[in-house]
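*Asks:* There's a structure below that I have some questions on.
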Amino acid sequence: MTEQNPSPAGAHMEAELISQPEMWTRATEQSRHEALLPADGQRIAVIGCGTSWFMANSYAVLREQAGKGITDAFAASEAFVDRGYDAVLAISRSGTTTEILEVLDHLKGKVPTVAIIGDTETPATNLADRIIDLHYADEQSVVQTRFATTALAYMKSSLGYSMEQAIQDARHAITEQIDQNLIDADQFTFIGRGWTVGLAHEAALKMREASQSWTESYPAMEYRHGPIAIAGPGRVTWMFGDEPRGLAADVTRTGARYIHTDADALAELIRAQRVALARARARGLDPDQPRNLSRSVILAAH
(Lines give C-alpha, C1' and ligand atoms only; values in the text may rest on other atoms or scores of the structure.)
Protein backbone atom coordinates (compact mmCIF):
# COMPACT_ATOMS: atom_id res chain seq x y z
CA MET A 1 0.00 0.00 0.00
CA THR A 2 1.40 3.38 -1.02
CA GLU A 3 1.55 5.96 1.73
CA GLN A 4 0.23 9.40 0.88
CA ASN A 5 2.59 12.31 1.37
CA PRO A 6 1.59 14.41 4.39
CA SER A 7 0.42 17.94 3.77
CA PRO A 8 3.22 20.51 4.04
CA ALA A 9 3.37 22.75 7.08
CA GLY A 10 0.99 25.65 6.67
CA ALA A 11 -1.08 23.90 4.00
CA HIS A 12 -4.29 25.53 5.25
CA MET A 13 -2.72 28.96 5.47
CA GLU A 14 -1.39 28.64 1.94
CA ALA A 15 -4.73 27.54 0.48
CA GLU A 16 -6.57 30.27 2.34
CA LEU A 17 -4.27 33.13 1.49
CA ILE A 18 -4.25 32.33 -2.25
CA SER A 19 -8.06 32.26 -2.26
CA GLN A 20 -8.28 35.93 -1.32
CA PRO A 21 -8.99 37.41 -4.77
CA GLU A 22 -11.98 35.09 -5.05
CA MET A 23 -13.11 35.94 -1.51
CA TRP A 24 -12.88 39.69 -2.14
CA THR A 25 -14.89 39.37 -5.33
CA ARG A 26 -17.63 37.51 -3.48
CA ALA A 27 -17.64 39.96 -0.56
CA THR A 28 -17.83 42.94 -2.90
CA GLU A 29 -20.86 41.45 -4.62
CA GLN A 30 -22.45 40.61 -1.27
CA SER A 31 -22.00 44.14 0.01
CA ARG A 32 -23.89 45.50 -2.99
CA HIS A 33 -26.98 43.53 -2.02
CA GLU A 34 -26.95 44.13 1.72
CA ALA A 35 -27.51 47.19 3.89
CA LEU A 36 -26.42 45.78 7.23
CA LEU A 37 -23.59 48.09 8.21
CA PRO A 38 -24.34 51.23 10.26
CA ALA A 39 -25.98 53.94 8.15
CA ASP A 40 -24.14 56.92 6.71
CA GLY A 41 -23.93 59.77 9.17
CA GLN A 42 -24.12 57.61 12.26
CA ARG A 43 -21.40 57.97 14.89
CA ILE A 44 -20.05 54.47 15.41
CA ALA A 45 -17.40 52.39 17.16
CA VAL A 46 -15.73 49.38 15.57
CA ILE A 47 -14.22 46.68 17.79
CA GLY A 48 -12.10 43.61 17.25
CA CYS A 49 -9.27 41.56 18.76
CA GLY A 50 -5.87 41.05 17.17
CA THR A 51 -6.21 40.93 13.41
CA SER A 52 -9.83 42.06 13.56
CA TRP A 53 -8.81 45.13 15.56
CA PHE A 54 -6.38 46.12 12.81
CA MET A 55 -9.13 45.77 10.21
CA ALA A 56 -11.33 47.92 12.44
CA ASN A 57 -8.64 50.61 12.40
CA SER A 58 -8.42 50.53 8.61
CA TYR A 59 -12.19 50.70 8.21
CA ALA A 60 -12.48 53.59 10.66
CA VAL A 61 -10.09 55.69 8.60
CA LEU A 62 -11.76 54.76 5.32
CA ARG A 63 -15.25 55.54 6.63
CA GLU A 64 -14.25 58.97 7.89
CA GLN A 65 -12.35 59.73 4.68
CA ALA A 66 -15.49 58.84 2.74
CA GLY A 67 -17.45 61.34 4.81
CA LYS A 68 -19.75 58.67 6.24
CA GLY A 69 -19.51 59.75 9.88
CA ILE A 70 -17.31 59.73 12.97
CA THR A 71 -15.80 56.27 13.39
CA ASP A 72 -13.67 55.11 16.31
CA ALA A 73 -11.80 51.81 16.45
CA PHE A 74 -11.00 49.95 19.66
CA ALA A 75 -9.48 46.70 20.80
CA ALA A 76 -12.52 44.97 22.28
CA SER A 77 -10.79 44.64 25.65
CA GLU A 78 -10.23 48.42 25.79
CA ALA A 79 -13.41 49.62 24.10
CA PHE A 80 -15.06 52.80 25.37
CA VAL A 81 -18.49 52.08 23.94
CA ASP A 82 -20.59 54.08 26.42
CA ARG A 83 -20.08 57.36 24.59
CA GLY A 84 -23.42 57.81 22.91
CA TYR A 85 -22.58 55.89 19.76
CA ASP A 86 -25.41 55.33 17.31
CA ALA A 87 -24.16 51.80 16.63
CA VAL A 88 -21.25 49.46 17.34
CA LEU A 89 -19.72 47.13 14.77
CA ALA A 90 -17.86 44.00 15.93
CA ILE A 91 -15.52 41.94 13.77
CA SER A 92 -14.84 38.34 14.82
CA ARG A 93 -13.81 35.35 12.74
CA SER A 94 -14.83 32.79 15.36
CA GLY A 95 -17.77 34.56 16.99
CA THR A 96 -16.59 33.11 20.32
CA THR A 97 -13.90 35.55 21.50
CA THR A 98 -14.60 36.46 25.12
CA GLU A 99 -13.92 40.19 24.87
CA ILE A 100 -16.19 40.57 21.83
CA LEU A 101 -19.02 38.67 23.50
CA GLU A 102 -18.72 40.75 26.66
CA VAL A 103 -19.10 44.01 24.73
CA LEU A 104 -22.05 42.70 22.71
CA ASP A 105 -23.73 41.45 25.86
CA HIS A 106 -23.15 44.79 27.59
CA LEU A 107 -24.75 46.68 24.70
CA LYS A 108 -27.70 44.32 24.19
CA GLY A 109 -30.90 46.37 24.18
CA LYS A 110 -28.97 49.62 24.65
CA VAL A 111 -27.07 50.32 21.44
CA PRO A 112 -27.67 48.70 18.02
CA THR A 113 -24.90 46.26 17.14
CA VAL A 114 -23.68 44.58 13.98
CA ALA A 115 -21.26 41.64 13.87
CA ILE A 116 -19.17 40.47 10.94
CA ILE A 117 -18.40 36.81 11.64
CA GLY A 118 -17.09 33.73 9.92
CA ASP A 119 -19.14 31.16 11.85
CA THR A 120 -22.82 31.84 12.42
CA GLU A 121 -23.21 28.85 14.75
CA THR A 122 -21.63 30.81 17.59
CA PRO A 123 -22.75 32.96 20.55
CA ALA A 124 -22.16 36.24 18.70
CA THR A 125 -25.10 35.46 16.45
CA ASN A 126 -27.50 35.64 19.39
CA LEU A 127 -25.97 38.77 20.90
CA ALA A 128 -25.66 41.09 17.89
CA ASP A 129 -28.71 42.74 16.38
CA ARG A 130 -27.54 42.17 12.80
CA ILE A 131 -25.13 39.62 11.37
CA ILE A 132 -22.96 39.90 8.28
CA ASP A 133 -22.25 36.30 7.36
CA LEU A 134 -18.83 35.67 5.82
CA HIS A 135 -18.83 31.90 6.41
CA TYR A 136 -17.23 31.32 3.02
CA ALA A 137 -14.12 33.19 4.21
CA ASP A 138 -13.75 31.23 7.46
CA GLU A 139 -10.46 29.40 7.93
CA GLN A 140 -8.89 26.25 9.30
CA SER A 141 -5.46 27.76 9.92
CA VAL A 142 -5.01 29.41 13.30
CA VAL A 143 -3.00 32.17 11.58
CA GLN A 144 -5.70 34.30 10.02
CA THR A 145 -5.42 35.66 6.48
CA ARG A 146 -8.49 35.68 4.26
CA PHE A 147 -11.29 36.31 6.77
CA ALA A 148 -9.79 39.60 7.87
CA THR A 149 -9.10 40.92 4.39
CA THR A 150 -12.48 39.73 3.13
CA ALA A 151 -14.19 41.58 5.97
CA LEU A 152 -12.26 44.71 5.03
CA ALA A 153 -13.11 44.21 1.34
CA TYR A 154 -16.78 44.01 2.29
CA MET A 155 -16.60 47.13 4.44
CA LYS A 156 -14.48 49.09 1.98
CA SER A 157 -16.72 48.35 -1.00
CA SER A 158 -19.79 49.27 1.06
CA LEU A 159 -18.31 52.76 1.38
CA GLY A 160 -18.16 53.15 -2.38
CA TYR A 161 -14.50 52.32 -2.87
CA SER A 162 -13.70 50.14 -5.86
CA MET A 163 -12.00 46.80 -5.17
CA GLU A 164 -11.19 46.14 -8.82
CA GLN A 165 -7.53 47.17 -8.70
CA ALA A 166 -6.98 45.39 -5.38
CA ILE A 167 -8.37 42.15 -6.78
CA GLN A 168 -6.26 42.45 -9.91
CA ASP A 169 -3.10 43.15 -7.90
CA ALA A 170 -3.95 40.31 -5.51
CA ARG A 171 -4.01 37.81 -8.37
CA HIS A 172 -0.46 38.83 -9.18
CA ALA A 173 0.62 38.77 -5.54
CA ILE A 174 -0.35 35.12 -5.06
CA THR A 175 1.79 33.93 -7.99
CA GLU A 176 4.95 36.02 -7.98
CA GLN A 177 8.21 34.50 -6.81
CA ILE A 178 9.33 35.21 -3.25
CA ASP A 179 12.77 36.75 -2.92
CA GLN A 180 15.07 34.49 -0.90
CA ASN A 181 16.56 37.56 0.79
CA LEU A 182 13.17 38.22 2.40
CA ILE A 183 13.06 34.66 3.71
CA ASP A 184 16.51 35.14 5.23
CA ALA A 185 16.10 38.71 6.53
CA ASP A 186 16.90 39.36 10.20
CA GLN A 187 14.09 41.80 10.98
CA PHE A 188 11.04 43.51 9.43
CA THR A 189 9.41 46.86 10.10
CA PHE A 190 6.06 47.49 8.41
CA ILE A 191 4.76 51.04 8.06
CA GLY A 192 1.66 52.66 6.61
CA ARG A 193 -0.32 55.90 6.36
CA GLY A 194 -4.01 56.50 6.97
CA TRP A 195 -5.99 53.33 6.42
CA THR A 196 -2.84 51.32 5.66
CA VAL A 197 -1.46 51.71 9.19
CA GLY A 198 -3.83 48.91 10.19
CA LEU A 199 -2.46 46.78 7.36
CA ALA A 200 1.11 47.44 8.52
CA HIS A 201 0.21 46.28 12.03
CA GLU A 202 -1.46 43.20 10.55
CA ALA A 203 1.55 42.34 8.38
CA ALA A 204 3.79 42.49 11.43
CA LEU A 205 1.41 40.30 13.41
CA LYS A 206 1.36 37.69 10.63
CA MET A 207 5.13 37.56 10.59
CA ARG A 208 5.29 37.11 14.36
CA GLU A 209 2.51 34.51 14.53
CA ALA A 210 3.59 32.41 11.56
CA SER A 211 7.38 32.52 11.75
CA GLN A 212 8.25 33.90 15.21
CA SER A 213 10.15 36.69 13.46
CA TRP A 214 11.22 39.97 15.00
CA THR A 215 8.82 42.47 13.48
CA GLU A 216 7.59 45.95 14.35
CA SER A 217 5.02 48.31 12.82
CA TYR A 218 4.37 52.03 12.93
CA PRO A 219 2.64 54.92 11.19
CA ALA A 220 5.10 55.91 8.47
CA MET A 221 5.53 59.50 9.62
CA GLU A 222 6.38 58.26 13.13
CA TYR A 223 9.00 55.81 11.90
CA ARG A 224 11.74 58.44 11.74
CA HIS A 225 10.96 59.52 15.32
CA GLY A 226 13.03 56.72 16.81
CA PRO A 227 12.19 53.32 15.26
CA ILE A 228 14.44 53.90 12.25
CA ALA A 229 17.33 53.39 14.69
CA ILE A 230 16.98 49.62 14.28
CA ALA A 231 17.22 49.73 10.47
CA GLY A 232 20.41 48.30 9.03
CA PRO A 233 21.89 45.70 6.71
CA GLY A 234 19.94 42.44 6.63
CA ARG A 235 16.76 44.19 7.80
CA VAL A 236 13.66 45.25 5.88
CA THR A 237 11.42 48.31 6.02
CA TRP A 238 8.20 47.65 4.10
CA MET A 239 5.89 50.55 3.23
CA PHE A 240 2.15 50.10 2.58
CA GLY A 241 0.34 52.81 0.63
CA ASP A 242 1.48 56.35 -0.17
CA GLU A 243 5.03 56.91 1.06
CA PRO A 244 6.21 60.07 2.83
CA ARG A 245 8.63 62.24 0.93
CA GLY A 246 12.27 61.37 1.58
CA LEU A 247 11.55 58.17 3.49
CA ALA A 248 13.04 55.82 0.89
CA ALA A 249 16.33 57.72 0.90
CA ASP A 250 16.44 57.82 4.71
CA VAL A 251 15.97 54.05 4.96
CA THR A 252 18.39 53.27 2.16
CA ARG A 253 21.13 55.23 3.93
CA THR A 254 20.87 52.83 6.88
CA GLY A 255 21.72 49.85 4.70
CA ALA A 256 18.27 48.29 5.24
CA ARG A 257 16.18 47.11 2.33
CA TYR A 258 13.28 49.40 1.54
CA ILE A 259 10.16 47.92 -0.12
CA HIS A 260 7.40 49.98 -1.66
CA THR A 261 5.35 49.15 -4.74
CA ASP A 262 2.48 50.69 -6.68
CA ALA A 263 0.26 47.68 -5.89
CA ASP A 264 -2.91 48.17 -3.87
CA ALA A 265 -2.01 48.01 -0.18
CA LEU A 266 -4.46 45.18 0.53
CA ALA A 267 -2.82 43.10 -2.19
CA GLU A 268 0.58 44.04 -0.78
CA LEU A 269 -0.55 42.47 2.49
CA ILE A 270 -0.87 39.16 0.64
CA ARG A 271 2.80 39.43 -0.35
CA ALA A 272 3.70 39.86 3.31
CA GLN A 273 1.53 36.88 4.25
CA ARG A 274 3.34 34.74 1.69
CA VAL A 275 6.73 35.82 3.02
CA ALA A 276 5.59 34.95 6.54
CA LEU A 277 4.55 31.48 5.38
CA ALA A 278 7.83 30.94 3.51
CA ARG A 279 9.84 32.02 6.57
CA ALA A 280 7.82 29.67 8.77
CA ARG A 281 8.52 26.72 6.49
CA ALA A 282 12.22 27.61 6.27
CA ARG A 283 12.35 27.46 10.07
CA GLY A 284 10.44 24.19 10.40
CA LEU A 285 7.34 25.88 11.85
CA ASP A 286 3.67 25.21 11.13
CA PRO A 287 1.55 28.39 10.99
CA ASP A 288 -1.61 26.30 10.98
CA GLN A 289 -0.76 25.43 14.60
CA PRO A 290 1.53 28.22 15.84
CA ARG A 291 3.16 28.28 19.25
CA ASN A 292 0.99 29.48 22.14
CA LEU A 293 -1.96 30.40 19.91
CA SER A 294 -5.46 29.08 19.27
CA ARG A 295 -8.23 29.94 16.84
CA SER A 296 -10.16 31.91 19.45
CA VAL A 297 -9.23 33.39 22.80
CA ILE A 298 -11.83 32.19 25.31
CA LEU A 299 -11.10 33.43 28.81
CA ALA A 300 -12.07 31.61 31.99
CA ALA A 301 -14.96 33.12 33.92
CA HIS A 302 -13.93 35.40 36.77
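Letters A, B, ... go to the chains of the C-alpha coordinates in the order shown; residues in each chain start at 1; ligands are counted from 1 in the same order.
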Could you give me, as a list in words, the residues within 8 Å of Met163 of chain A, counting only C-alpha atoms and dropping anything in the same chain fewer than 4 positions from it?
*Replies:*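 Those residues are Trp24, Thr25, Thr28, Ala153, Lys156, Ser157 and Ile167 of chain A.
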*Asks:* Deliver the residues from the most recent selection as a file, using all heavy atoms, as an mmCIF file, in the first residue's frame.
*Replies:*
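Written output follows (again.cif):
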```cif
data_model
loop_
_atom_site.group_PDB
_atom_site.id
_atom_site.type_symbol
_atom_site.label_atom_id
_atom_site.label_comp_id
_atom_site.auth_asym_id
_atom_site.auth_seq_id
_atom_site.Cartn_x
_atom_site.Cartn_y
_atom_site.Cartn_z
ATOM 1 N N TRP A 24 -12.592 38.257 -2.037
ATOM 2 C CA TRP A 24 -12.881 39.692 -2.137
ATOM 3 C C TRP A 24 -13.950 39.955 -3.194
ATOM 4 O O TRP A 24 -14.808 40.816 -3.003
ATOM 5 C CB TRP A 24 -11.619 40.469 -2.478
ATOM 6 C CG TRP A 24 -10.515 40.323 -1.479
ATOM 7 C CD1 TRP A 24 -10.566 39.665 -0.268
ATOM 8 C CD2 TRP A 24 -9.183 40.812 -1.605
ATOM 9 N NE1 TRP A 24 -9.348 39.725 0.359
ATOM 10 C CE2 TRP A 24 -8.475 40.419 -0.423
ATOM 11 C CE3 TRP A 24 -8.502 41.536 -2.583
ATOM 12 C CZ2 TRP A 24 -7.133 40.738 -0.228
ATOM 13 C CZ3 TRP A 24 -7.177 41.864 -2.392
ATOM 14 C CH2 TRP A 24 -6.494 41.474 -1.224
ATOM 15 N N THR A 25 -13.876 39.222 -4.282
ATOM 16 C CA THR A 25 -14.893 39.373 -5.330
ATOM 17 C C THR A 25 -16.270 39.028 -4.783
ATOM 18 O O THR A 25 -17.256 39.751 -5.008
ATOM 19 C CB THR A 25 -14.559 38.477 -6.525
ATOM 20 O OG1 THR A 25 -13.276 38.849 -7.064
ATOM 21 C CG2 THR A 25 -15.610 38.602 -7.614
ATOM 22 N N THR A 28 -17.434 41.706 -2.224
ATOM 23 C CA THR A 28 -17.831 42.945 -2.896
ATOM 24 C C THR A 28 -19.241 42.819 -3.449
ATOM 25 O O THR A 28 -20.072 43.732 -3.314
ATOM 26 C CB THR A 28 -16.838 43.275 -4.015
ATOM 27 O OG1 THR A 28 -15.528 43.457 -3.450
ATOM 28 C CG2 THR A 28 -17.247 44.534 -4.761
ATOM 29 N N ALA A 153 -12.613 44.019 2.709
ATOM 30 C CA ALA A 153 -13.109 44.210 1.339
ATOM 31 C C ALA A 153 -14.602 44.503 1.342
ATOM 32 O O ALA A 153 -15.085 45.381 0.606
ATOM 33 C CB ALA A 153 -12.810 42.975 0.496
ATOM 34 N N LYS A 156 -15.008 48.053 2.869
ATOM 35 C CA LYS A 156 -14.485 49.091 1.976
ATOM 36 C C LYS A 156 -15.393 49.304 0.776
ATOM 37 O O LYS A 156 -15.704 50.454 0.413
ATOM 38 C CB LYS A 156 -13.070 48.711 1.520
ATOM 39 C CG LYS A 156 -12.366 49.809 0.749
ATOM 40 C CD LYS A 156 -10.927 49.430 0.410
ATOM 41 C CE LYS A 156 -10.241 50.584 -0.322
ATOM 42 N NZ LYS A 156 -8.846 50.247 -0.711
ATOM 43 N N SER A 157 -15.844 48.217 0.169
ATOM 44 C CA SER A 157 -16.717 48.346 -0.996
ATOM 45 C C SER A 157 -18.061 48.946 -0.617
ATOM 46 O O SER A 157 -18.672 49.672 -1.405
ATOM 47 C CB SER A 157 -16.911 46.994 -1.684
ATOM 48 O OG SER A 157 -17.492 46.042 -0.808
ATOM 49 N N ILE A 167 -8.187 43.542 -6.369
ATOM 50 C CA ILE A 167 -8.367 42.146 -6.777
ATOM 51 C C ILE A 167 -7.386 41.786 -7.890
ATOM 52 O O ILE A 167 -6.775 40.708 -7.885
ATOM 53 C CB ILE A 167 -9.826 41.910 -7.207
ATOM 54 C CG1 ILE A 167 -10.748 42.032 -5.987
ATOM 55 C CG2 ILE A 167 -9.987 40.545 -7.872
ATOM 56 C CD1 ILE A 167 -12.224 42.086 -6.322
#
```
*Asks:* Extract, using only C-alpha atoms, all DNA, RNA and protein residues at most 9 Å from segment 117-129 of chain A, discarding same-chain residues fewer than 4 positions from it, and format them as a PyMOL selection string.
*Replies:* chain A and resi 90-97+100-101+104-105+107-109+112-113+133-139+147+151
*Asks:* Among the residues of segment 131-274 of chain A, find those DSSP assigns to strand (DSSP E or B) from the backbone and print them as number ranges by chain.
*Replies:* A: 131-133, 187-192, 215-219, 235-240, 257-259
*Asks:* What does the distance from atom CA of Thr175 of chain A to atom CA of Glu216 of chain A come to in Å, to one decimal?
*Replies:*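 Here the two named atoms are 26.0 Å from each other.
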*Asks:* For Gln180 of chain A, list every protein, DNA or RNA residue within 10 Å, evaluated using only C-alpha atoms, and leave out those in the same chain fewer than 2 positions away; present the list as a list of chain:residue names.
*Replies:*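 Here the answer would be A:Gln177, A:Ile178, A:Leu182, A:Ile183, A:Asp184, A:Ala185, A:Val275, A:Ala278, A:Arg279.
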*Asks:* Write out the residues from the selection above, keeping all heavy atoms, as an mmCIF file, in the first residue's frame.
*Replies:*
```cif
data_model
loop_
_atom_site.group_PDB
_atom_site.id
_atom_site.type_symbol
_atom_site.label_atom_id
_atom_site.label_comp_id
_atom_site.auth_asym_id
_atom_site.auth_seq_id
_atom_site.Cartn_x
_atom_site.Cartn_y
_atom_site.Cartn_z
ATOM 1 N N GLN A 177 7.164 35.200 -7.544
ATOM 2 C CA GLN A 177 8.209 34.499 -6.814
ATOM 3 C C GLN A 177 8.623 35.289 -5.578
ATOM 4 O O GLN A 177 8.689 36.518 -5.595
ATOM 5 C CB GLN A 177 9.430 34.280 -7.717
ATOM 6 C CG GLN A 177 10.529 33.451 -7.081
ATOM 7 C CD GLN A 177 11.632 33.123 -8.079
ATOM 8 O OE1 GLN A 177 11.516 33.409 -9.264
ATOM 9 N NE2 GLN A 177 12.705 32.528 -7.579
ATOM 10 N N ILE A 178 8.903 34.571 -4.491
ATOM 11 C CA ILE A 178 9.328 35.208 -3.251
ATOM 12 C C ILE A 178 10.843 35.306 -3.233
ATOM 13 O O ILE A 178 11.553 34.322 -3.444
ATOM 14 C CB ILE A 178 8.832 34.409 -2.029
ATOM 15 C CG1 ILE A 178 7.306 34.374 -2.006
ATOM 16 C CG2 ILE A 178 9.363 35.021 -0.734
ATOM 17 C CD1 ILE A 178 6.740 33.486 -0.922
ATOM 18 N N LEU A 182 14.232 37.922 1.438
ATOM 19 C CA LEU A 182 13.171 38.217 2.398
ATOM 20 C C LEU A 182 12.965 37.047 3.353
ATOM 21 O O LEU A 182 12.649 37.235 4.526
ATOM 22 C CB LEU A 182 11.862 38.528 1.666
ATOM 23 C CG LEU A 182 11.858 39.792 0.805
ATOM 24 C CD1 LEU A 182 10.494 39.974 0.129
ATOM 25 C CD2 LEU A 182 12.200 41.019 1.633
ATOM 26 N N ILE A 183 13.169 35.849 2.860
ATOM 27 C CA ILE A 183 13.058 34.662 3.714
ATOM 28 C C ILE A 183 14.189 34.641 4.743
ATOM 29 O O ILE A 183 14.013 34.211 5.882
ATOM 30 C CB ILE A 183 13.070 33.383 2.857
ATOM 31 C CG1 ILE A 183 11.873 33.379 1.891
ATOM 32 C CG2 ILE A 183 13.047 32.136 3.742
ATOM 33 C CD1 ILE A 183 11.862 32.229 0.915
ATOM 34 N N ASP A 184 15.333 35.172 4.358
ATOM 35 C CA ASP A 184 16.512 35.136 5.226
ATOM 36 C C ASP A 184 16.704 36.401 6.064
ATOM 37 O O ASP A 184 17.599 36.435 6.916
ATOM 38 C CB ASP A 184 17.769 34.934 4.367
ATOM 39 C CG ASP A 184 17.762 33.610 3.620
ATOM 40 O OD1 ASP A 184 17.080 32.670 4.085
ATOM 41 O OD2 ASP A 184 18.420 33.524 2.567
ATOM 42 N N ALA A 185 15.902 37.417 5.860
ATOM 43 C CA ALA A 185 16.103 38.710 6.528
ATOM 44 C C ALA A 185 16.063 38.565 8.046
ATOM 45 O O ALA A 185 15.353 37.719 8.593
ATOM 46 C CB ALA A 185 15.053 39.706 6.062
ATOM 47 N N VAL A 275 5.377 35.819 2.456
ATOM 48 C CA VAL A 275 6.731 35.825 3.024
ATOM 49 C C VAL A 275 6.714 35.202 4.414
ATOM 50 O O VAL A 275 7.594 34.410 4.773
ATOM 51 C CB VAL A 275 7.300 37.249 3.059
ATOM 52 C CG1 VAL A 275 8.622 37.276 3.826
ATOM 53 C CG2 VAL A 275 7.500 37.783 1.647
ATOM 54 N N ALA A 278 6.548 31.477 3.989
ATOM 55 C CA ALA A 278 7.829 30.936 3.511
ATOM 56 C C ALA A 278 8.868 30.928 4.628
ATOM 57 O O ALA A 278 9.652 29.979 4.764
ATOM 58 C CB ALA A 278 8.327 31.757 2.326
ATOM 59 N N ARG A 279 8.895 31.971 5.443
ATOM 60 C CA ARG A 279 9.836 32.017 6.566
ATOM 61 C C ARG A 279 9.502 30.950 7.601
ATOM 62 O O ARG A 279 10.409 30.329 8.187
ATOM 63 C CB ARG A 279 9.812 33.407 7.202
ATOM 64 C CG ARG A 279 10.486 34.474 6.357
ATOM 65 C CD ARG A 279 10.256 35.879 6.922
ATOM 66 N NE ARG A 279 10.861 36.071 8.217
ATOM 67 C CZ ARG A 279 12.127 36.433 8.423
ATOM 68 N NH1 ARG A 279 12.937 36.630 7.391
ATOM 69 N NH2 ARG A 279 12.608 36.612 9.647
#
```
*Asks:* Of the candidates A:Ala170, A:Ile230, A:Ala45, A:Ala27, which one gets nearest to Ala115 of chain A if we count only C-alpha atoms?
*Replies:* A:Ala45
*Asks:* What does the structure give for the distance between atom CA of Thr189 of chain A and atom CA of Thr237 of chain A, in Å to one decimal?
*Replies:*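 It comes out at 4.8 Å.
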*Asks:* Rounded to one decimal, what separation in Å do you get between atom CA of Glu64 of chain A and atom CA of Asp86 of chain A?
*Replies:*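 So the two atoms, atom CA of Glu64 of chain A and atom CA of Asp86 of chain A, lie 15.1 Å apart.
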*Asks:* If you take only C-alpha atoms and a cut-off of 6 Å, which residues of segment 191-237 of chain A touch segment 253-263 of chain A, and what are their nearest atom pairs and distances in Å to one decimal, in chain and number order, as a tab-separated table?
*Replies:*
```
residue	atom	partner	partner_atom	distance
A:Ala231	CA	A:Ala256	CA	5.5
A:Gly232	CA	A:Ala256	CA	4.3
A:Pro233	CA	A:Gly255	CA	4.6
A:Arg235	CA	A:Ala256	CA	5.1
A:Val236	CA	A:Arg257	CA	4.7
A:Thr237	CA	A:Tyr258	CA	5.0
```
